[in-house]
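What follows is one structure encoded as structure tokens, with my remarks underneath.
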Amino acid sequence: MEKISVIVSCYNEEESLPLFYEEMERVRKADFENETEFEYIFVNDGSKDKTLEVMKKLAKEDSKVRFISFSRNFGKESAMLAGLEAAEGDYITLMDADLQDPPALLREMYDTIKKEGYDQVGTRRVTRKGEPPIRSFFARMFYKLINKMSNVEMVDGARDYRLMTRQVVDSIISMKEYNRFSKGLFSFVGYKTKWLEYENVERVAGETKWSFWKLFKYAIEGITAFSTVPLVISSVIGLLFCLISFLLIILIIIKTLVLGDPTSGWPSMICIIFFVSGIQLFSLGVIGQYLAKTYLEIKQRPIYIIKETEKDI
């Protein structure tokens, strides 16, 4: 009998986790009973509440439940990788514990792979109901920007929630890069992919862990991980300002020789100096981002550290 591995990254989800497990079990019994085996892999990403206690309780009550607990908070990307590496199923899905990823879609995703020959089935939200308008605006702008910059297509509204074959998962975990941006990695590996659309669902409990600043840093991570266009832009801007400066010098010399008018206007000069300095600092910042990523990669630190699993209880 084939097995489906359900990987759930958790950070302070003590309220959501029991509700997620209950709903997932309902879907399993209704849509997969006596047809497919299941395993649940809950990854505790350094939670500060009682998330780990809930995982241990579920693991003792249900042999299908496994858990991985990190030594500290390493981030969702690390938690997803840990789950993928631990999964034993023939098909693997990534889900959030807050039930914003509807478990009811899992049957359709499974049938799509089995009957239509797809390698992975992803989900995307067609609405962003419940999100702050400014966050929705910048999210849409991010996808437009990165799709223009990168050769890897990223679908607007795409969620991490997807069902993948073992071959796809093996391809993903073969990439051991430290700076991970999974939405890009899912597209980078290729394979035949189908997208299912659904309306945005509110969290069942708790609060979102993604602040605007965290989302901004995540966006920068995605751009620098899958595009070198910012470096090209910095080079073009630098060349452009060199040409403008050269033309201005010629203009000032001609004006002085022909009109006898000495160069004046120190306020405007100060503004130009500040502007050009800002461009230089911006370009250095872009270069610094890529150097920082390179620095983190060459140190080869572990992407996550496991403190305990279900085998330790």
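To be explicit about the labels: the chains of the structure tokens are called A, B, and onward in the order shown, and within each one the residues are counted from 1, while ligands get numbers from 1 in the order they are shown.
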
Exercise for review: Tell me, as a ChimeraX atom specification, which residues lie within 8 Å of Phe42 (chain A), counting only C-alpha atoms; anything in the same chain fewer than 4 positions away does not count.
Suggested key: /A:7-10,55,65-68,83

Residue selection dump (all heavy atoms) as an mmCIF file, in the first residue's frame:
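After the write, out-v9.cif holds the following:
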data_model
loop_
_atom_site.group_PDB
_atom_site.id
_atom_site.type_symbol
_atom_site.label_atom_id
_atom_site.label_comp_id
_atom_site.auth_asym_id
_atom_site.auth_seq_id
_atom_site.Cartn_x
_atom_site.Cartn_y
_atom_site.Cartn_z
ATOM 1 N N ILE A 7 3.850 16.699 5.984
ATOM 2 C CA ILE A 7 4.864 17.444 6.735
ATOM 3 C C ILE A 7 4.282 18.782 7.170
ATOM 4 O O ILE A 7 3.769 19.548 6.346
ATOM 5 C CB ILE A 7 6.123 17.670 5.873
ATOM 6 C CG1 ILE A 7 6.712 16.324 5.457
ATOM 7 C CG2 ILE A 7 7.150 18.511 6.618
ATOM 8 C CD1 ILE A 7 7.779 16.446 4.395
ATOM 9 N N VAL A 8 4.374 19.063 8.460
ATOM 10 C CA VAL A 8 3.795 20.289 9.011
ATOM 11 C C VAL A 8 4.853 21.028 9.826
ATOM 12 O O VAL A 8 5.336 20.524 10.840
ATOM 13 C CB VAL A 8 2.575 19.975 9.908
ATOM 14 C CG1 VAL A 8 1.896 21.277 10.342
ATOM 15 C CG2 VAL A 8 1.595 19.067 9.185
ATOM 16 N N SER A 9 5.229 22.214 9.366
ATOM 17 C CA SER A 9 6.176 23.062 10.100
ATOM 18 C C SER A 9 5.413 23.837 11.168
ATOM 19 O O SER A 9 4.392 24.464 10.872
ATOM 20 C CB SER A 9 6.872 24.032 9.145
ATOM 21 O OG SER A 9 7.482 23.340 8.078
ATOM 22 N N CYS A 10 5.920 23.808 12.394
ATOM 23 C CA CYS A 10 5.190 24.420 13.512
ATOM 24 C C CYS A 10 6.076 25.367 14.309
ATOM 25 O O CYS A 10 7.182 24.992 14.728
ATOM 26 C CB CYS A 10 4.658 23.339 14.449
ATOM 27 S SG CYS A 10 3.592 22.122 13.659
ATOM 28 N N MET A 55 2.742 17.711 20.363
ATOM 29 C CA MET A 55 3.300 16.713 19.430
ATOM 30 C C MET A 55 3.570 15.386 20.129
ATOM 31 O O MET A 55 3.247 14.319 19.606
ATOM 32 C CB MET A 55 4.605 17.247 18.815
ATOM 33 C CG MET A 55 4.439 18.398 17.866
ATOM 34 S SD MET A 55 6.044 18.918 17.196
ATOM 35 C CE MET A 55 5.548 20.289 16.167
ATOM 36 N N VAL A 65 1.899 9.301 13.870
ATOM 37 C CA VAL A 65 2.465 10.633 14.148
ATOM 38 C C VAL A 65 3.939 10.525 14.499
ATOM 39 O O VAL A 65 4.337 9.769 15.388
ATOM 40 C CB VAL A 65 1.703 11.322 15.296
ATOM 41 C CG1 VAL A 65 2.381 12.641 15.661
ATOM 42 C CG2 VAL A 65 0.254 11.561 14.904
ATOM 43 N N ARG A 66 4.749 11.278 13.800
ATOM 44 C CA ARG A 66 6.167 11.429 14.105
ATOM 45 C C ARG A 66 6.438 12.915 14.343
ATOM 46 O O ARG A 66 5.666 13.771 13.897
ATOM 47 C CB ARG A 66 7.027 10.924 12.944
ATOM 48 C CG ARG A 66 6.791 9.465 12.585
ATOM 49 C CD ARG A 66 7.450 9.121 11.259
ATOM 50 N NE ARG A 66 8.874 9.436 11.287
ATOM 51 C CZ ARG A 66 9.638 9.523 10.191
ATOM 52 N NH1 ARG A 66 9.110 9.340 8.998
ATOM 53 N NH2 ARG A 66 10.921 9.803 10.297
ATOM 54 N N PHE A 67 7.515 13.219 15.034
ATOM 55 C CA PHE A 67 7.855 14.632 15.199
ATOM 56 C C PHE A 67 9.363 14.818 15.218
ATOM 57 O O PHE A 67 10.133 13.901 15.529
ATOM 58 C CB PHE A 67 7.224 15.229 16.463
ATOM 59 C CG PHE A 67 7.829 14.755 17.757
ATOM 60 C CD1 PHE A 67 8.954 15.383 18.298
ATOM 61 C CD2 PHE A 67 7.268 13.687 18.448
ATOM 62 C CE1 PHE A 67 9.515 14.941 19.486
ATOM 63 C CE2 PHE A 67 7.833 13.240 19.638
ATOM 64 C CZ PHE A 67 8.952 13.868 20.161
ATOM 65 N N ILE A 68 9.772 16.004 14.844
ATOM 66 C CA ILE A 68 11.174 16.426 14.886
ATOM 67 C C ILE A 68 11.208 17.743 15.634
ATOM 68 O O ILE A 68 10.469 18.670 15.301
ATOM 69 C CB ILE A 68 11.749 16.626 13.465
ATOM 70 C CG1 ILE A 68 11.699 15.318 12.672
ATOM 71 C CG2 ILE A 68 13.170 17.168 13.519
ATOM 72 C CD1 ILE A 68 12.017 15.493 11.189
ATOM 73 N N GLY A 83 11.633 17.958 7.346
ATOM 74 C CA GLY A 83 10.500 17.076 7.109
ATOM 75 C C GLY A 83 10.648 16.276 5.823
ATOM 76 O O GLY A 83 10.360 15.082 5.786
#

Open item on the list: Ranking A:Asn12, A:Gly184, A:Lys192, A:Ala97 by minimum distance to Thr112 (chain A) and counting only C-alpha atoms, which one comes first?
Closed with: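 So, comparing all the options, the nearest one is A:Lys192.
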
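CA of Tyr191 (chain A) lies 29.3 Å from CA of Asp45 (chain A).
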
- Message: Please determine, counting only C-alpha atoms, which residue among A:Lys64, A:Arg26, A:Arg124, A:Lys50 has the shortest atom-to-atom distance to Phe38 (chain A).
- Response: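 With only C-alpha atoms as the atom set, the closest residue is A:Lys64.
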
From the list A:Ser171, A:Ser187, A:Thr309, A:Asn34, the nearest residue to Lys56 (chain A) using only C-alpha atoms is A:Thr309

note - CA of Asp170 (chain A) and CA of Lys3 (chain A) are separated by 15.7 Å

Applying 10 Å and only C-alpha atoms, which residues near region 113-115 of chain A remain after dropping the ones on its own chain fewer than 3 positions away? List them as a ChimeraX atom specification. /A:91,108-110,118-121,163-165,192-194

Let me see the file: selected residues, all heavy atoms, as a tab-separated table (two decimals), in the first residue's frame.
chain	number	residue	atom	x	y	z
A	91	TYR	N	4.41	9.66	-1.66
A	91	TYR	CA	3.94	11.00	-2.00
A	91	TYR	C	4.08	11.87	-0.76
A	91	TYR	O	3.79	11.41	0.36
A	91	TYR	CB	2.49	10.97	-2.48
A	91	TYR	CG	2.28	10.06	-3.67
A	91	TYR	CD1	1.87	8.74	-3.48
A	91	TYR	CD2	2.51	10.50	-4.96
A	91	TYR	CE1	1.70	7.88	-4.55
A	91	TYR	CE2	2.34	9.66	-6.05
A	91	TYR	CZ	1.93	8.35	-5.84
A	91	TYR	OH	1.78	7.50	-6.91
A	108	GLU	N	-8.06	15.49	-4.29
A	108	GLU	CA	-7.98	15.94	-5.68
A	108	GLU	C	-6.53	15.99	-6.15
A	108	GLU	O	-6.22	15.63	-7.30
A	108	GLU	CB	-8.63	17.31	-5.83
A	108	GLU	CG	-8.66	17.82	-7.26
A	108	GLU	CD	-9.33	19.18	-7.39
A	108	GLU	OE1	-9.85	19.69	-6.37
A	108	GLU	OE2	-9.30	19.74	-8.50
A	109	MET	N	-5.63	16.42	-5.28
A	109	MET	CA	-4.21	16.47	-5.63
A	109	MET	C	-3.67	15.07	-5.90
A	109	MET	O	-2.93	14.84	-6.86
A	109	MET	CB	-3.44	17.15	-4.49
A	109	MET	CG	-3.85	18.60	-4.26
A	109	MET	SD	-3.33	19.26	-2.66
A	109	MET	CE	-1.60	19.52	-2.95
A	110	TYR	N	-4.06	14.13	-5.06
A	110	TYR	CA	-3.61	12.74	-5.20
A	110	TYR	C	-4.14	12.13	-6.51
A	110	TYR	O	-3.38	11.50	-7.25
A	110	TYR	CB	-4.09	11.93	-3.99
A	110	TYR	CG	-3.70	10.48	-4.02
A	110	TYR	CD1	-2.39	10.08	-3.75
A	110	TYR	CD2	-4.65	9.49	-4.31
A	110	TYR	CE1	-2.03	8.72	-3.76
A	110	TYR	CE2	-4.30	8.15	-4.34
A	110	TYR	CZ	-2.99	7.78	-4.06
A	110	TYR	OH	-2.65	6.45	-4.08
A	118	TYR	N	0.80	13.81	-13.50
A	118	TYR	CA	1.61	14.95	-13.02
A	118	TYR	C	2.60	14.47	-11.96
A	118	TYR	O	2.38	13.47	-11.28
A	118	TYR	CB	0.71	16.04	-12.45
A	118	TYR	CG	-0.03	16.84	-13.51
A	118	TYR	CD1	-1.31	16.48	-13.91
A	118	TYR	CD2	0.58	17.93	-14.11
A	118	TYR	CE1	-1.98	17.20	-14.89
A	118	TYR	CE2	-0.09	18.67	-15.09
A	118	TYR	CZ	-1.36	18.29	-15.48
A	118	TYR	OH	-2.01	19.01	-16.46
A	119	ASP	N	3.69	15.23	-11.83
A	119	ASP	CA	4.72	14.90	-10.83
A	119	ASP	C	4.48	15.64	-9.52
A	119	ASP	O	4.87	15.17	-8.45
A	119	ASP	CB	6.11	15.25	-11.36
A	119	ASP	CG	6.45	14.46	-12.61
A	119	ASP	OD1	6.51	13.22	-12.51
A	119	ASP	OD2	6.63	15.08	-13.67
A	120	GLN	N	3.88	16.81	-9.61
A	120	GLN	CA	3.53	17.55	-8.40
A	120	GLN	C	2.31	18.43	-8.68
A	120	GLN	O	2.10	18.88	-9.80
A	120	GLN	CB	4.71	18.39	-7.89
A	120	GLN	CG	5.25	19.44	-8.84
A	120	GLN	CD	6.32	20.30	-8.18
A	120	GLN	OE1	6.26	20.60	-6.98
A	120	GLN	NE2	7.30	20.71	-8.97
A	121	VAL	N	1.53	18.62	-7.64
A	121	VAL	CA	0.34	19.47	-7.73
A	121	VAL	C	0.47	20.55	-6.66
A	121	VAL	O	0.52	20.24	-5.46
A	121	VAL	CB	-0.95	18.67	-7.53
A	121	VAL	CG1	-2.17	19.59	-7.63
A	121	VAL	CG2	-1.05	17.54	-8.54
A	163	LEU	N	1.49	18.56	-3.28
A	163	LEU	CA	1.72	17.11	-3.18
A	163	LEU	C	2.74	16.74	-4.25
A	163	LEU	O	2.57	17.10	-5.42
A	163	LEU	CB	0.43	16.32	-3.39
A	163	LEU	CG	0.54	14.80	-3.21
A	163	LEU	CD1	0.86	14.45	-1.76
A	163	LEU	CD2	-0.76	14.11	-3.65
A	164	MET	N	3.80	16.03	-3.84
A	164	MET	CA	4.90	15.71	-4.75
A	164	MET	C	5.19	14.22	-4.74
A	164	MET	O	4.98	13.54	-3.73
A	164	MET	CB	6.17	16.47	-4.31
A	164	MET	CG	6.02	17.98	-4.30
A	164	MET	SD	7.42	18.80	-3.47
A	164	MET	CE	6.97	18.52	-1.74
A	165	THR	N	5.68	13.73	-5.85
A	165	THR	CA	6.13	12.35	-5.90
A	165	THR	C	7.48	12.23	-5.22
A	165	THR	O	8.17	13.23	-4.98
A	165	THR	CB	6.25	11.87	-7.36
A	165	THR	OG1	7.26	12.65	-8.02
A	165	THR	CG2	4.93	12.00	-8.10
A	192	LYS	N	6.51	17.93	-14.26
A	192	LYS	CA	5.18	18.30	-14.74
A	192	LYS	C	4.31	18.73	-13.55
A	192	LYS	O	4.06	17.93	-12.64
A	192	LYS	CB	4.55	17.11	-15.47
A	192	LYS	CG	3.28	17.46	-16.24
A	192	LYS	CD	2.77	16.23	-17.00
A	192	LYS	CE	1.49	16.56	-17.76
A	192	LYS	NZ	0.96	15.35	-18.45
A	193	THR	N	3.86	19.97	-13.58
A	193	THR	CA	3.18	20.54	-12.42
A	193	THR	C	1.80	21.08	-12.80
A	193	THR	O	1.63	21.69	-13.86
A	193	THR	CB	4.00	21.71	-11.83
A	193	THR	OG1	5.30	21.24	-11.51
A	193	THR	CG2	3.33	22.26	-10.58
A	194	LYS	N	0.83	20.83	-11.93
A	194	LYS	CA	-0.51	21.39	-12.11
A	194	LYS	C	-0.84	22.25	-10.89
A	194	LYS	O	-0.46	21.92	-9.76
A	194	LYS	CB	-1.55	20.28	-12.25
A	194	LYS	CG	-2.97	20.82	-12.48
A	194	LYS	CD	-3.97	19.70	-12.74
A	194	LYS	CE	-5.36	20.25	-13.01
A	194	LYS	NZ	-6.33	19.17	-13.31

>> Set the distance at 12 Å and use only C-alpha atoms: which residues neighbour Glu25 (chain A) once local chain neighbours fewer than 4 positions away are removed? I'd like the list as an NGL selection string.
In response: :A and (6 or 18-21 or 29-33 or 37-40 or 58 or 62 or 64-65 or 103-104)

**Request:** Determine the nearest neighbour of Ser78 (chain A) from the options A:Arg180, A:Lys307, A:Arg107, A:Lys293, counting only C-alpha atoms.
**Result:**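 Between A:Arg180, A:Lys307, A:Arg107, A:Lys293, the residue approaching Ser78 (chain A) most closely is A:Arg180.
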
Of A:Phe70, A:Phe188, A:Tyr198, A:Tyr290, the one sitting nearest Pro102 (chain A) when using only C-alpha atoms is A:Tyr198

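Take CA of Leu240 (chain A) and CA of Leu291 (chain A): the distance between them is 23.8 Å.
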
Could you name the residues that touch Tyr304 (chain A) at 12 Å or less, counting only C-alpha atoms, but leaving out those on the same chain fewer than 5 positions away, as an NGL selection string? :A and (43-46 or 68-83 or 85 or 176 or 178-179)

Just to be explicit: take each residue in the selection above, keep N, CA and C atoms, and write the result as an mmCIF file, in the first residue's frame.
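So the final result, stored in selection.cif, reads:
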data_model
loop_
_atom_site.group_PDB
_atom_site.id
_atom_site.type_symbol
_atom_site.label_atom_id
_atom_site.label_comp_id
_atom_site.auth_asym_id
_atom_site.auth_seq_id
_atom_site.Cartn_x
_atom_site.Cartn_y
_atom_site.Cartn_z
ATOM 1 N N VAL A 43 7.155 19.205 12.621
ATOM 2 C CA VAL A 43 8.491 19.742 12.875
ATOM 3 C C VAL A 43 8.367 20.947 13.802
ATOM 4 N N ASN A 44 8.907 20.797 15.006
ATOM 5 C CA ASN A 44 8.862 21.872 15.989
ATOM 6 C C ASN A 44 10.068 22.788 15.780
ATOM 7 N N ASP A 45 9.799 23.976 15.258
ATOM 8 C CA ASP A 45 10.863 24.915 14.907
ATOM 9 C C ASP A 45 11.169 25.857 16.070
ATOM 10 N N GLY A 46 11.582 25.273 17.187
ATOM 11 C CA GLY A 46 11.965 26.089 18.337
ATOM 12 C C GLY A 46 10.814 26.841 18.978
ATOM 13 N N ILE A 68 9.772 16.004 14.844
ATOM 14 C CA ILE A 68 11.174 16.426 14.886
ATOM 15 C C ILE A 68 11.208 17.743 15.634
ATOM 16 N N SER A 69 12.046 17.833 16.645
ATOM 17 C CA SER A 69 12.145 19.062 17.432
ATOM 18 C C SER A 69 13.552 19.644 17.308
ATOM 19 N N PHE A 70 13.628 20.896 16.853
ATOM 20 C CA PHE A 70 14.920 21.553 16.687
ATOM 21 C C PHE A 70 15.471 22.049 18.020
ATOM 22 N N SER A 71 16.775 22.285 18.043
ATOM 23 C CA SER A 71 17.421 22.812 19.241
ATOM 24 C C SER A 71 17.109 24.285 19.454
ATOM 25 N N ARG A 72 16.685 24.961 18.395
ATOM 26 C CA ARG A 72 16.274 26.372 18.453
ATOM 27 C C ARG A 72 15.463 26.667 17.198
ATOM 28 N N ASN A 73 15.071 27.925 17.047
ATOM 29 C CA ASN A 73 14.327 28.328 15.858
ATOM 30 C C ASN A 73 15.276 28.510 14.672
ATOM 31 N N PHE A 74 15.102 27.692 13.628
ATOM 32 C CA PHE A 74 15.934 27.787 12.427
ATOM 33 C C PHE A 74 15.165 28.351 11.236
ATOM 34 N N GLY A 75 13.872 28.546 11.369
ATOM 35 C CA GLY A 75 13.078 29.092 10.276
ATOM 36 C C GLY A 75 12.294 28.024 9.527
ATOM 37 N N LYS A 76 11.257 28.463 8.845
ATOM 38 C CA LYS A 76 10.356 27.540 8.157
ATOM 39 C C LYS A 76 11.060 26.771 7.054
ATOM 40 N N GLU A 77 11.984 27.414 6.339
ATOM 41 C CA GLU A 77 12.686 26.733 5.257
ATOM 42 C C GLU A 77 13.446 25.512 5.791
ATOM 43 N N SER A 78 14.111 25.679 6.922
ATOM 44 C CA SER A 78 14.846 24.571 7.525
ATOM 45 C C SER A 78 13.893 23.482 7.998
ATOM 46 N N ALA A 79 12.747 23.891 8.545
ATOM 47 C CA ALA A 79 11.764 22.922 9.037
ATOM 48 C C ALA A 79 11.204 22.086 7.887
ATOM 49 N N MET A 80 10.933 22.727 6.756
ATOM 50 C CA MET A 80 10.409 21.986 5.611
ATOM 51 C C MET A 80 11.451 20.990 5.092
ATOM 52 N N LEU A 81 12.713 21.421 5.039
ATOM 53 C CA LEU A 81 13.769 20.518 4.577
ATOM 54 C C LEU A 81 13.907 19.313 5.506
ATOM 55 N N ALA A 82 13.864 19.558 6.813
ATOM 56 C CA ALA A 82 13.965 18.453 7.774
ATOM 57 C C ALA A 82 12.834 17.452 7.574
ATOM 58 N N GLY A 83 11.633 17.958 7.346
ATOM 59 C CA GLY A 83 10.500 17.076 7.109
ATOM 60 C C GLY A 83 10.648 16.276 5.823
ATOM 61 N N GLU A 85 13.425 15.437 4.341
ATOM 62 C CA GLU A 85 14.485 14.446 4.493
ATOM 63 C C GLU A 85 14.043 13.259 5.353
ATOM 64 N N LYS A 176 21.614 21.157 -1.365
ATOM 65 C CA LYS A 176 21.943 21.376 0.040
ATOM 66 C C LYS A 176 22.302 22.828 0.355
ATOM 67 N N TYR A 178 22.496 26.488 1.764
ATOM 68 C CA TYR A 178 22.142 26.993 3.085
ATOM 69 C C TYR A 178 21.032 28.036 2.996
ATOM 70 N N ASN A 179 21.151 28.937 2.034
ATOM 71 C CA ASN A 179 20.142 29.986 1.837
ATOM 72 C C ASN A 179 19.034 29.426 0.942
#
